[in-house]
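Student: Quick one, work.pdb (PDB, N, CA and C atoms and all ligand atoms):
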ATOM      1  N   MET R   1       4.946 -26.199 -15.005  1.00  0.00           N
ATOM      2  CA  MET R   1       3.487 -26.382 -14.941  1.00  0.00           C
ATOM      3  C   MET R   1       2.790 -25.076 -14.568  1.00  0.00           C
ATOM      4  N   ASN R   2       2.111 -24.501 -15.493  1.00  0.00           N
ATOM      5  CA  ASN R   2       1.406 -23.249 -15.215  1.00  0.00           C
ATOM      6  C   ASN R   2      -0.101 -23.463 -15.070  1.00  0.00           C
ATOM      7  N   LEU R   3      -0.480 -24.721 -14.928  1.00  0.00           N
ATOM      8  CA  LEU R   3      -1.916 -25.012 -14.845  1.00  0.00           C
ATOM      9  C   LEU R   3      -2.511 -24.598 -13.511  1.00  0.00           C
ATOM     10  N   PHE R   4      -1.666 -24.529 -12.493  1.00  0.00           N
ATOM     11  CA  PHE R   4      -2.175 -24.193 -11.166  1.00  0.00           C
ATOM     12  C   PHE R   4      -2.298 -22.684 -10.997  1.00  0.00           C
ATOM     13  N   ILE R   5      -3.461 -22.251 -10.597  1.00  0.00           N
ATOM     14  CA  ILE R   5      -3.695 -20.822 -10.366  1.00  0.00           C
ATOM     15  C   ILE R   5      -3.640 -20.571  -8.866  1.00  0.00           C
ATOM     16  N   ASP R   6      -2.895 -19.562  -8.506  1.00  0.00           N
ATOM     17  CA  ASP R   6      -2.814 -19.176  -7.105  1.00  0.00           C
ATOM     18  C   ASP R   6      -4.218 -18.806  -6.615  1.00  0.00           C
ATOM     19  N   PRO R   7      -4.765 -19.540  -5.634  1.00  0.00           N
ATOM     20  CA  PRO R   7      -6.137 -19.263  -5.171  1.00  0.00           C
ATOM     21  C   PRO R   7      -6.323 -17.825  -4.688  1.00  0.00           C
ATOM     22  N   GLN R   8      -5.280 -17.257  -4.090  1.00  0.00           N
ATOM     23  CA  GLN R   8      -5.389 -15.873  -3.619  1.00  0.00           C
ATOM     24  C   GLN R   8      -5.550 -14.914  -4.785  1.00  0.00           C
ATOM     25  N   GLU R   9      -4.799 -15.178  -5.835  1.00  0.00           N
ATOM     26  CA  GLU R   9      -4.862 -14.327  -7.004  1.00  0.00           C
ATOM     27  C   GLU R   9      -6.241 -14.434  -7.657  1.00  0.00           C
ATOM     28  N   ALA R  10      -6.763 -15.653  -7.704  1.00  0.00           N
ATOM     29  CA  ALA R  10      -8.077 -15.881  -8.288  1.00  0.00           C
ATOM     30  C   ALA R  10      -9.146 -15.114  -7.505  1.00  0.00           C
ATOM     31  N   ASP R  11      -9.041 -15.111  -6.180  1.00  0.00           N
ATOM     32  CA  ASP R  11     -10.010 -14.397  -5.349  1.00  0.00           C
ATOM     33  C   ASP R  11      -9.984 -12.899  -5.629  1.00  0.00           C
ATOM     34  N   VAL R  12      -8.788 -12.363  -5.795  1.00  0.00           N
ATOM     35  CA  VAL R  12      -8.646 -10.930  -6.051  1.00  0.00           C
ATOM     36  C   VAL R  12      -9.366 -10.560  -7.336  1.00  0.00           C
ATOM     37  N   VAL R  13      -9.173 -11.363  -8.354  1.00  0.00           N
ATOM     38  CA  VAL R  13      -9.797 -11.083  -9.648  1.00  0.00           C
ATOM     39  C   VAL R  13     -11.312 -11.203  -9.532  1.00  0.00           C
ATOM     40  N   LYS R  14     -11.773 -12.229  -8.828  1.00  0.00           N
ATOM     41  CA  LYS R  14     -13.193 -12.491  -8.707  1.00  0.00           C
ATOM     42  C   LYS R  14     -13.908 -11.384  -7.927  1.00  0.00           C
ATOM     43  N   LEU R  15     -13.313 -11.006  -6.791  1.00  0.00           N
ATOM     44  CA  LEU R  15     -13.961 -10.033  -5.927  1.00  0.00           C
ATOM     45  C   LEU R  15     -13.810  -8.601  -6.435  1.00  0.00           C
ATOM     46  N   GLY R  16     -12.743  -8.349  -7.152  1.00  0.00           N
ATOM     47  CA  GLY R  16     -12.548  -7.000  -7.689  1.00  0.00           C
ATOM     48  C   GLY R  16     -12.044  -6.027  -6.644  1.00  0.00           C
ATOM     49  N   GLY R  17     -12.642  -6.058  -5.469  1.00  0.00           N
ATOM     50  CA  GLY R  17     -12.260  -5.134  -4.406  1.00  0.00           C
ATOM     51  C   GLY R  17     -10.818  -5.283  -3.979  1.00  0.00           C
ATOM     52  N   GLY R  18     -10.263  -6.468  -4.188  1.00  0.00           N
ATOM     53  CA  GLY R  18      -8.884  -6.708  -3.799  1.00  0.00           C
ATOM     54  C   GLY R  18      -7.914  -5.807  -4.521  1.00  0.00           C
ATOM     55  N   ASN R  19      -8.289  -5.383  -5.712  1.00  0.00           N
ATOM     56  CA  ASN R  19      -7.402  -4.520  -6.483  1.00  0.00           C
ATOM     57  C   ASN R  19      -7.147  -3.191  -5.782  1.00  0.00           C
ATOM     58  N   LEU R  20      -8.172  -2.706  -5.098  1.00  0.00           N
ATOM     59  CA  LEU R  20      -8.041  -1.455  -4.360  1.00  0.00           C
ATOM     60  C   LEU R  20      -6.983  -1.616  -3.275  1.00  0.00           C
ATOM     61  N   ASP R  21      -7.088  -2.689  -2.509  1.00  0.00           N
ATOM     62  CA  ASP R  21      -6.123  -2.943  -1.449  1.00  0.00           C
ATOM     63  C   ASP R  21      -4.717  -3.088  -2.018  1.00  0.00           C
ATOM     64  N   GLU R  22      -4.622  -3.777  -3.137  1.00  0.00           N
ATOM     65  CA  GLU R  22      -3.319  -3.971  -3.771  1.00  0.00           C
ATOM     66  C   GLU R  22      -2.727  -2.633  -4.189  1.00  0.00           C
ATOM     67  N   ALA R  23      -3.553  -1.781  -4.762  1.00  0.00           N
ATOM     68  CA  ALA R  23      -3.083  -0.470  -5.205  1.00  0.00           C
ATOM     69  C   ALA R  23      -2.658   0.376  -4.013  1.00  0.00           C
ATOM     70  N   MET R  24      -3.442   0.319  -2.939  1.00  0.00           N
ATOM     71  CA  MET R  24      -3.095   1.031  -1.705  1.00  0.00           C
ATOM     72  C   MET R  24      -1.772   0.530  -1.163  1.00  0.00           C
ATOM     73  N   LYS R  25      -1.669  -0.792  -1.129  1.00  0.00           N
ATOM     74  CA  LYS R  25      -0.480  -1.433  -0.567  1.00  0.00           C
ATOM     75  C   LYS R  25       0.780  -1.023  -1.329  1.00  0.00           C
ATOM     76  N   SER R  26       0.671  -1.002  -2.637  1.00  0.00           N
ATOM     77  CA  SER R  26       1.854  -0.663  -3.426  1.00  0.00           C
ATOM     78  C   SER R  26       2.232   0.810  -3.234  1.00  0.00           C
ATOM     79  N   GLN R  27       1.223   1.661  -3.018  1.00  0.00           N
ATOM     80  CA  GLN R  27       1.508   3.077  -2.750  1.00  0.00           C
ATOM     81  C   GLN R  27       2.193   3.242  -1.396  1.00  0.00           C
ATOM     82  N   ILE R  28       1.692   2.516  -0.398  1.00  0.00           N
ATOM     83  CA  ILE R  28       2.297   2.574   0.937  1.00  0.00           C
ATOM     84  C   ILE R  28       3.711   2.017   0.887  1.00  0.00           C
ATOM     85  N   ASP R  29       3.855   0.904   0.167  1.00  0.00           N
ATOM     86  CA  ASP R  29       5.184   0.299   0.022  1.00  0.00           C
ATOM     87  C   ASP R  29       6.171   1.288  -0.586  1.00  0.00           C
ATOM     88  N   SER R  30       5.715   2.036  -1.560  1.00  0.00           N
ATOM     89  CA  SER R  30       6.622   2.968  -2.237  1.00  0.00           C
ATOM     90  C   SER R  30       6.960   4.167  -1.353  1.00  0.00           C
ATOM     91  N   ALA R  31       6.160   4.376  -0.294  1.00  0.00           N
ATOM     92  CA  ALA R  31       6.448   5.470   0.643  1.00  0.00           C
ATOM     93  C   ALA R  31       7.436   5.025   1.721  1.00  0.00           C
ATOM     94  N   ILE R  32       7.655   3.731   1.806  1.00  0.00           N
ATOM     95  CA  ILE R  32       8.568   3.186   2.820  1.00  0.00           C
ATOM     96  C   ILE R  32       9.897   2.835   2.161  1.00  0.00           C
ATOM     97  N   THR R  33      10.968   3.332   2.758  1.00  0.00           N
ATOM     98  CA  THR R  33      12.289   3.027   2.234  1.00  0.00           C
ATOM     99  C   THR R  33      13.089   2.249   3.264  1.00  0.00           C
ATOM    100  N   ARG R  34      13.608   1.124   2.857  1.00  0.00           N
ATOM    101  CA  ARG R  34      14.466   0.355   3.753  1.00  0.00           C
ATOM    102  C   ARG R  34      15.911   0.768   3.481  1.00  0.00           C
ATOM    103  N   GLU R  35      16.493   1.438   4.448  1.00  0.00           N
ATOM    104  CA  GLU R  35      17.843   1.969   4.246  1.00  0.00           C
ATOM    105  C   GLU R  35      18.906   1.022   4.783  1.00  0.00           C
ATOM    106  N   ALA R  36      18.526   0.202   5.743  1.00  0.00           N
ATOM    107  CA  ALA R  36      19.439  -0.780   6.310  1.00  0.00           C
ATOM    108  C   ALA R  36      18.610  -1.854   6.998  1.00  0.00           C
ATOM    109  N   GLU R  37      19.278  -2.841   7.501  1.00  0.00           N
ATOM    110  CA  GLU R  37      18.612  -3.965   8.178  1.00  0.00           C
ATOM    111  C   GLU R  37      17.579  -3.471   9.196  1.00  0.00           C
ATOM    112  N   ASP R  38      17.964  -2.457   9.969  1.00  0.00           N
ATOM    113  CA  ASP R  38      17.074  -1.962  11.028  1.00  0.00           C
ATOM    114  C   ASP R  38      16.744  -0.480  10.851  1.00  0.00           C
ATOM    115  N   ARG R  39      16.677  -0.057   9.616  1.00  0.00           N
ATOM    116  CA  ARG R  39      16.317   1.345   9.346  1.00  0.00           C
ATOM    117  C   ARG R  39      15.243   1.415   8.270  1.00  0.00           C
ATOM    118  N   TRP R  40      14.050   1.736   8.719  1.00  0.00           N
ATOM    119  CA  TRP R  40      12.919   1.856   7.801  1.00  0.00           C
ATOM    120  C   TRP R  40      12.460   3.312   7.838  1.00  0.00           C
ATOM    121  N   ARG R  41      12.522   3.976   6.715  1.00  0.00           N
ATOM    122  CA  ARG R  41      12.175   5.389   6.690  1.00  0.00           C
ATOM    123  C   ARG R  41      10.796   5.616   6.101  1.00  0.00           C
ATOM    124  N   CYS R  42      10.042   6.486   6.813  1.00  0.00           N
ATOM    125  CA  CYS R  42       8.735   6.891   6.329  1.00  0.00           C
ATOM    126  C   CYS R  42       8.933   8.008   5.315  1.00  0.00           C
ATOM    127  N   GLY R  43       8.394   7.845   4.130  1.00  0.00           N
ATOM    128  CA  GLY R  43       8.571   8.848   3.084  1.00  0.00           C
ATOM    129  C   GLY R  43       7.266   9.514   2.701  1.00  0.00           C
ATOM    130  N   VAL R  44       6.310   9.532   3.642  1.00  0.00           N
ATOM    131  CA  VAL R  44       5.034  10.175   3.354  1.00  0.00           C
ATOM    132  C   VAL R  44       5.214  11.685   3.441  1.00  0.00           C
ATOM    133  N   ARG R  45       4.951  12.339   2.339  1.00  0.00           N
ATOM    134  CA  ARG R  45       5.115  13.796   2.274  1.00  0.00           C
ATOM    135  C   ARG R  45       6.471  14.217   2.826  1.00  0.00           C
ATOM    136  N   LYS R  46       6.499  15.142   3.769  1.00  0.00           N
ATOM    137  CA  LYS R  46       7.786  15.654   4.265  1.00  0.00           C
ATOM    138  C   LYS R  46       8.309  14.839   5.443  1.00  0.00           C
ATOM    139  N   CYS R  47       7.584  13.794   5.781  1.00  0.00           N
ATOM    140  CA  CYS R  47       7.969  12.979   6.932  1.00  0.00           C
ATOM    141  C   CYS R  47       9.213  12.159   6.592  1.00  0.00           C
ATOM    142  N   THR R  48      10.188  12.176   7.492  1.00  0.00           N
ATOM    143  CA  THR R  48      11.406  11.391   7.251  1.00  0.00           C
ATOM    144  C   THR R  48      11.766  10.573   8.480  1.00  0.00           C
ATOM    145  N   LYS R  49      10.752  10.211   9.252  1.00  0.00           N
ATOM    146  CA  LYS R  49      11.006   9.466  10.477  1.00  0.00           C
ATOM    147  C   LYS R  49      11.604   8.087  10.187  1.00  0.00           C
ATOM    148  N   LEU R  50      12.491   7.676  11.090  1.00  0.00           N
ATOM    149  CA  LEU R  50      13.150   6.377  10.956  1.00  0.00           C
ATOM    150  C   LEU R  50      12.607   5.394  11.991  1.00  0.00           C
ATOM    151  N   PHE R  51      12.485   4.132  11.574  1.00  0.00           N
ATOM    152  CA  PHE R  51      11.978   3.102  12.479  1.00  0.00           C
ATOM    153  C   PHE R  51      12.875   1.870  12.407  1.00  0.00           C
ATOM    154  N   LEU R  52      12.840   1.112  13.487  1.00  0.00           N
ATOM    155  CA  LEU R  52      13.695  -0.072  13.573  1.00  0.00           C
ATOM    156  C   LEU R  52      13.137  -1.247  12.788  1.00  0.00           C
ATOM    157  N   GLU R  53      11.796  -1.303  12.707  1.00  0.00           N
ATOM    158  CA  GLU R  53      11.177  -2.449  12.039  1.00  0.00           C
ATOM    159  C   GLU R  53      10.089  -1.982  11.077  1.00  0.00           C
ATOM    160  N   GLU R  54       9.856  -2.817  10.083  1.00  0.00           N
ATOM    161  CA  GLU R  54       8.862  -2.492   9.077  1.00  0.00           C
ATOM    162  C   GLU R  54       7.471  -2.291   9.697  1.00  0.00           C
ATOM    163  N   LYS R  55       7.134  -3.139  10.673  1.00  0.00           N
ATOM    164  CA  LYS R  55       5.799  -3.042  11.264  1.00  0.00           C
ATOM    165  C   LYS R  55       5.601  -1.703  11.984  1.00  0.00           C
ATOM    166  N   PHE R  56       6.699  -1.133  12.496  1.00  0.00           N
ATOM    167  CA  PHE R  56       6.603   0.156  13.188  1.00  0.00           C
ATOM    168  C   PHE R  56       6.291   1.286  12.208  1.00  0.00           C
ATOM    169  N   VAL R  57       6.986   1.267  11.087  1.00  0.00           N
ATOM    170  CA  VAL R  57       6.737   2.329  10.110  1.00  0.00           C
ATOM    171  C   VAL R  57       5.332   2.201   9.528  1.00  0.00           C
ATOM    172  N   ARG R  58       4.871   0.956   9.386  1.00  0.00           N
ATOM    173  CA  ARG R  58       3.515   0.746   8.860  1.00  0.00           C
ATOM    174  C   ARG R  58       2.460   1.239   9.850  1.00  0.00           C
ATOM    175  N   SER R  59       2.633   0.929  11.120  1.00  0.00           N
ATOM    176  CA  SER R  59       1.644   1.384  12.108  1.00  0.00           C
ATOM    177  C   SER R  59       1.729   2.899  12.282  1.00  0.00           C
ATOM    178  N   HIS R  60       2.936   3.464  12.126  1.00  0.00           N
ATOM    179  CA  HIS R  60       3.100   4.916  12.165  1.00  0.00           C
ATOM    180  C   HIS R  60       2.299   5.569  11.034  1.00  0.00           C
ATOM    181  N   ILE R  61       2.375   5.004   9.854  1.00  0.00           N
ATOM    182  CA  ILE R  61       1.631   5.542   8.707  1.00  0.00           C
ATOM    183  C   ILE R  61       0.131   5.445   8.968  1.00  0.00           C
ATOM    184  N   GLN R  62      -0.306   4.322   9.533  1.00  0.00           N
ATOM    185  CA  GLN R  62      -1.732   4.141   9.822  1.00  0.00           C
ATOM    186  C   GLN R  62      -2.218   5.182  10.835  1.00  0.00           C
ATOM    187  N   LYS R  63      -1.363   5.509  11.803  1.00  0.00           N
ATOM    188  CA  LYS R  63      -1.773   6.421  12.885  1.00  0.00           C
ATOM    189  C   LYS R  63      -1.557   7.887  12.522  1.00  0.00           C
ATOM    190  N   ARG R  64      -0.398   8.179  11.935  1.00  0.00           N
ATOM    191  CA  ARG R  64      -0.005   9.584  11.731  1.00  0.00           C
ATOM    192  C   ARG R  64      -0.349  10.144  10.371  1.00  0.00           C
ATOM    193  N   HIS R  65      -0.591   9.276   9.418  1.00  0.00           N
ATOM    194  CA  HIS R  65      -0.848   9.785   8.068  1.00  0.00           C
ATOM    195  C   HIS R  65      -2.218   9.373   7.570  1.00  0.00           C
ATOM    196  N   LYS R  66      -3.210   9.499   8.478  1.00  0.00           N
ATOM    197  CA  LYS R  66      -4.568   9.099   8.115  1.00  0.00           C
ATOM    198  C   LYS R  66      -5.091   9.916   6.936  1.00  0.00           C
ATOM    199  N   ASP R  67      -4.785  11.210   6.954  1.00  0.00           N
ATOM    200  CA  ASP R  67      -5.268  12.061   5.855  1.00  0.00           C
ATOM    201  C   ASP R  67      -4.644  11.652   4.524  1.00  0.00           C
ATOM    202  N   TRP R  68      -3.361  11.291   4.596  1.00  0.00           N
ATOM    203  CA  TRP R  68      -2.663  10.828   3.388  1.00  0.00           C
ATOM    204  C   TRP R  68      -3.275   9.534   2.874  1.00  0.00           C
ATOM    205  N   LEU R  69      -3.584   8.626   3.822  1.00  0.00           N
ATOM    206  CA  LEU R  69      -4.193   7.347   3.456  1.00  0.00           C
ATOM    207  C   LEU R  69      -5.577   7.553   2.843  1.00  0.00           C
ATOM    208  N   GLU R  70      -6.337   8.470   3.456  1.00  0.00           N
ATOM    209  CA  GLU R  70      -7.680   8.738   2.943  1.00  0.00           C
ATOM    210  C   GLU R  70      -7.619   9.279   1.519  1.00  0.00           C
ATOM    211  N   ARG R  71      -6.704  10.208   1.319  1.00  0.00           N
ATOM    212  CA  ARG R  71      -6.525  10.794  -0.013  1.00  0.00           C
ATOM    213  C   ARG R  71      -6.098   9.724  -1.017  1.00  0.00           C
ATOM    214  N   LEU R  72      -5.215   8.856  -0.518  1.00  0.00           N
ATOM    215  CA  LEU R  72      -4.710   7.769  -1.348  1.00  0.00           C
ATOM    216  C   LEU R  72      -5.854   6.852  -1.788  1.00  0.00           C
ATOM    217  N   SER R  73      -6.690   6.468  -0.836  1.00  0.00           N
ATOM    218  CA  SER R  73      -7.788   5.546  -1.165  1.00  0.00           C
ATOM    219  C   SER R  73      -8.769   6.228  -2.113  1.00  0.00           C
ATOM    220  N   LEU R  74      -8.935   7.540  -1.947  1.00  0.00           N
ATOM    221  CA  LEU R  74      -9.807   8.296  -2.835  1.00  0.00           C
ATOM    222  C   LEU R  74      -9.243   8.288  -4.258  1.00  0.00           C
ATOM    223  N   GLU R  75      -7.950   8.562  -4.350  1.00  0.00           N
ATOM    224  CA  GLU R  75      -7.295   8.597  -5.656  1.00  0.00           C
ATOM    225  C   GLU R  75      -7.352   7.231  -6.331  1.00  0.00           C
ATOM    226  N   VAL R  76      -7.105   6.203  -5.528  1.00  0.00           N
ATOM    227  CA  VAL R  76      -7.120   4.840  -6.064  1.00  0.00           C
ATOM    228  C   VAL R  76      -8.525   4.487  -6.543  1.00  0.00           C
ATOM    229  N   THR R  77      -9.532   4.854  -5.734  1.00  0.00           N
ATOM    230  CA  THR R  77     -10.916   4.559  -6.102  1.00  0.00           C
ATOM    231  C   THR R  77     -11.309   5.311  -7.369  1.00  0.00           C
ATOM    232  N   LEU R  78     -10.969   6.588  -7.417  1.00  0.00           N
ATOM    233  CA  LEU R  78     -11.299   7.397  -8.586  1.00  0.00           C
ATOM    234  C   LEU R  78     -10.588   6.871  -9.829  1.00  0.00           C
ATOM    235  N   GLY R  79      -9.309   6.529  -9.644  1.00  0.00           N
ATOM    236  CA  GLY R  79      -8.530   5.998 -10.756  1.00  0.00           C
ATOM    237  C   GLY R  79      -9.141   4.734 -11.295  1.00  0.00           C
ATOM    238  N   GLN R  80      -9.652   3.901 -10.379  1.00  0.00           N
ATOM    239  CA  GLN R  80     -10.246   2.624 -10.803  1.00  0.00           C
ATOM    240  C   GLN R  80     -11.538   2.842 -11.564  1.00  0.00           C
ATOM    241  N   SER R  81     -12.392   3.724 -11.018  1.00  0.00           N
ATOM    242  CA  SER R  81     -13.684   3.929 -11.663  1.00  0.00           C
ATOM    243  C   SER R  81     -13.507   4.563 -13.036  1.00  0.00           C
ATOM    244  N   THR R  82     -12.479   5.406 -13.164  1.00  0.00           N
ATOM    245  CA  THR R  82     -12.225   6.042 -14.448  1.00  0.00           C
ATOM    246  C   THR R  82     -11.763   4.999 -15.479  1.00  0.00           C
ATOM    247  N   SER R  83     -10.870   4.117 -15.025  1.00  0.00           N
ATOM    248  CA  SER R  83     -10.342   3.130 -15.960  1.00  0.00           C
ATOM    249  C   SER R  83     -11.382   2.076 -16.336  1.00  0.00           C
ATOM    250  N   ASN R  84     -12.425   1.958 -15.498  1.00  0.00           N
ATOM    251  CA  ASN R  84     -13.457   0.970 -15.798  1.00  0.00           C
ATOM    252  C   ASN R  84     -14.490   1.495 -16.789  1.00  0.00           C
ATOM    253  N   MET R  85     -14.488   2.799 -16.993  1.00  0.00           N
ATOM    254  CA  MET R  85     -15.511   3.361 -17.858  1.00  0.00           C
ATOM    255  C   MET R  85     -15.177   3.228 -19.341  1.00  0.00           C
TER     256      MET R  85
HETATM  257 ZN    ZN P 101       5.636   9.442   8.652  1.00  0.00          ZN
END
What would the structure in this file look like if it were written as structure tokens?
Ligand SMILES: [Zn+2]
Tutor:
Amino acid sequence: MNLFIDPQEADVVKLGGGNLDEAMKSQIDSAITREAEDRWRCGVRKCTKLFLEEKFVRSHIQKRHKDWLERLSLEVTLGQSTSNM
């Protein structure tokens, strides 16, 4: 049965802004490498710090890689506006 639409997915499409968050999220996800059960590596630029839990590496990125995040959101925003034209 494919008649049911995921309400969250529908909201993302409707609001449009959700796509930005999704694009950011996938970029952040790709910067994080899970090497073992309790080894999460930050792969932002030259950073290779290891963390015990996913939430630690995520908060580390939020705190220590603000410039990277800002650049990322800029790139994502620019990429979106270009593709919409
Ligand atoms: Zn890092």
Student: Taking only N, CA and C atoms and all ligand atoms into account, report as a VMD selection string which residues have an atom no farther than 7 Å from an atom of ligand ZN 101 (chain P).
Tutor: chain R and resid 41 to 49 60 to 61 64 to 65
Student: Go ahead and compute the interatomic distance for atom N of Asp38 in chain R and atom N of Ser59 in chain R, in Å to one decimal.
Tutor: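 Going from atom N of Asp38 in chain R over to atom N of Ser59 in chain R, I get 15.7 Å.
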Student: Name all residues at most 8 Å from range 70-73 of chain R (count all atoms listed in the file; drop same-chain ones fewer than 3 positions away) and give them as a ChimeraX atom specification.
Tutor: /R:20,23-24,27,65-67,76-79
Student: CA of Leu52 in chain R to CA of Glu37 in chain R: how many Å, to one decimal?
Tutor: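 Going from CA of Leu52 in chain R over to CA of Glu37 in chain R covers 8.3 Å.
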Student: Figure out the distance between CA of Phe56 in chain R and CA of Asn19 in chain R, please, to one decimal in Å.
Tutor: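 Separation between CA of Asn19 in chain R and CA of Phe56 in chain R: 24.6 Å.
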Student: When DSSP works through the backbone of this structure, what residues of range 32-84 of chain R end up as helix (DSSP H, G or I), shown as an MDAnalysis selection string?
Tutor: chainID R and resid 54:64 66:84
Student: Can I get the selection written as a JSON list (two decimals), in the coordinates of the input, with N, CA and C atoms?
Tutor:
[["chain", "number", "residue", "atom", "x", "y", "z"],
["R", 54, "GLU", "N", 9.86, -2.82, 10.08],
["R", 54, "GLU", "CA", 8.86, -2.49, 9.08],
["R", 54, "GLU", "C", 7.47, -2.29, 9.70],
["R", 55, "LYS", "N", 7.13, -3.14, 10.67],
["R", 55, "LYS", "CA", 5.80, -3.04, 11.26],
["R", 55, "LYS", "C", 5.60, -1.70, 11.98],
["R", 56, "PHE", "N", 6.70, -1.13, 12.50],
["R", 56, "PHE", "CA", 6.60, 0.16, 13.19],
["R", 56, "PHE", "C", 6.29, 1.29, 12.21],
["R", 57, "VAL", "N", 6.99, 1.27, 11.09],
["R", 57, "VAL", "CA", 6.74, 2.33, 10.11],
["R", 57, "VAL", "C", 5.33, 2.20, 9.53],
["R", 58, "ARG", "N", 4.87, 0.96, 9.39],
["R", 58, "ARG", "CA", 3.52, 0.75, 8.86],
["R", 58, "ARG", "C", 2.46, 1.24, 9.85],
["R", 59, "SER", "N", 2.63, 0.93, 11.12],
["R", 59, "SER", "CA", 1.64, 1.38, 12.11],
["R", 59, "SER", "C", 1.73, 2.90, 12.28],
["R", 60, "HIS", "N", 2.94, 3.46, 12.13],
["R", 60, "HIS", "CA", 3.10, 4.92, 12.16],
["R", 60, "HIS", "C", 2.30, 5.57, 11.03],
["R", 61, "ILE", "N", 2.38, 5.00, 9.85],
["R", 61, "ILE", "CA", 1.63, 5.54, 8.71],
["R", 61, "ILE", "C", 0.13, 5.44, 8.97],
["R", 62, "GLN", "N", -0.31, 4.32, 9.53],
["R", 62, "GLN", "CA", -1.73, 4.14, 9.82],
["R", 62, "GLN", "C", -2.22, 5.18, 10.84],
["R", 63, "LYS", "N", -1.36, 5.51, 11.80],
["R", 63, "LYS", "CA", -1.77, 6.42, 12.88],
["R", 63, "LYS", "C", -1.56, 7.89, 12.52],
["R", 64, "ARG", "N", -0.40, 8.18, 11.94],
["R", 64, "ARG", "CA", 0.00, 9.58, 11.73],
["R", 64, "ARG", "C", -0.35, 10.14, 10.37],
["R", 66, "LYS", "N", -3.21, 9.50, 8.48],
["R", 66, "LYS", "CA", -4.57, 9.10, 8.12],
["R", 66, "LYS", "C", -5.09, 9.92, 6.94],
["R", 67, "ASP", "N", -4.78, 11.21, 6.95],
["R", 67, "ASP", "CA", -5.27, 12.06, 5.86],
["R", 67, "ASP", "C", -4.64, 11.65, 4.52],
["R", 68, "TRP", "N", -3.36, 11.29, 4.60],
["R", 68, "TRP", "CA", -2.66, 10.83, 3.39],
["R", 68, "TRP", "C", -3.28, 9.53, 2.87],
["R", 69, "LEU", "N", -3.58, 8.63, 3.82],
["R", 69, "LEU", "CA", -4.19, 7.35, 3.46],
["R", 69, "LEU", "C", -5.58, 7.55, 2.84],
["R", 70, "GLU", "N", -6.34, 8.47, 3.46],
["R", 70, "GLU", "CA", -7.68, 8.74, 2.94],
["R", 70, "GLU", "C", -7.62, 9.28, 1.52],
["R", 71, "ARG", "N", -6.70, 10.21, 1.32],
["R", 71, "ARG", "CA", -6.52, 10.79, -0.01],
["R", 71, "ARG", "C", -6.10, 9.72, -1.02],
["R", 72, "LEU", "N", -5.22, 8.86, -0.52],
["R", 72, "LEU", "CA", -4.71, 7.77, -1.35],
["R", 72, "LEU", "C", -5.85, 6.85, -1.79],
["R", 73, "SER", "N", -6.69, 6.47, -0.84],
["R", 73, "SER", "CA", -7.79, 5.55, -1.16],
["R", 73, "SER", "C", -8.77, 6.23, -2.11],
["R", 74, "LEU", "N", -8.94, 7.54, -1.95],
["R", 74, "LEU", "CA", -9.81, 8.30, -2.84],
["R", 74, "LEU", "C", -9.24, 8.29, -4.26],
["R", 75, "GLU", "N", -7.95, 8.56, -4.35],
["R", 75, "GLU", "CA", -7.30, 8.60, -5.66],
["R", 75, "GLU", "C", -7.35, 7.23, -6.33],
["R", 76, "VAL", "N", -7.10, 6.20, -5.53],
["R", 76, "VAL", "CA", -7.12, 4.84, -6.06],
["R", 76, "VAL", "C", -8.52, 4.49, -6.54],
["R", 77, "THR", "N", -9.53, 4.85, -5.73],
["R", 77, "THR", "CA", -10.92, 4.56, -6.10],
["R", 77, "THR", "C", -11.31, 5.31, -7.37],
["R", 78, "LEU", "N", -10.97, 6.59, -7.42],
["R", 78, "LEU", "CA", -11.30, 7.40, -8.59],
["R", 78, "LEU", "C", -10.59, 6.87, -9.83],
["R", 79, "GLY", "N", -9.31, 6.53, -9.64],
["R", 79, "GLY", "CA", -8.53, 6.00, -10.76],
["R", 79, "GLY", "C", -9.14, 4.73, -11.30],
["R", 80, "GLN", "N", -9.65, 3.90, -10.38],
["R", 80, "GLN", "CA", -10.25, 2.62, -10.80],
["R", 80, "GLN", "C", -11.54, 2.84, -11.56],
["R", 81, "SER", "N", -12.39, 3.72, -11.02],
["R", 81, "SER", "CA", -13.68, 3.93, -11.66],
["R", 81, "SER", "C", -13.51, 4.56, -13.04],
["R", 82, "THR", "N", -12.48, 5.41, -13.16],
["R", 82, "THR", "CA", -12.22, 6.04, -14.45],
["R", 82, "THR", "C", -11.76, 5.00, -15.48],
["R", 83, "SER", "N", -10.87, 4.12, -15.02],
["R", 83, "SER", "CA", -10.34, 3.13, -15.96],
["R", 83, "SER", "C", -11.38, 2.08, -16.34],
["R", 84, "ASN", "N", -12.42, 1.96, -15.50],
["R", 84, "ASN", "CA", -13.46, 0.97, -15.80],
["R", 84, "ASN", "C", -14.49, 1.50, -16.79]]
Student: Determine the nearest neighbour of Ile32 in chain R from the options R:Trp68, R:Val57, R:Leu74, R:Gln62, counting all atoms listed in the file.
Tutor: R:Val57
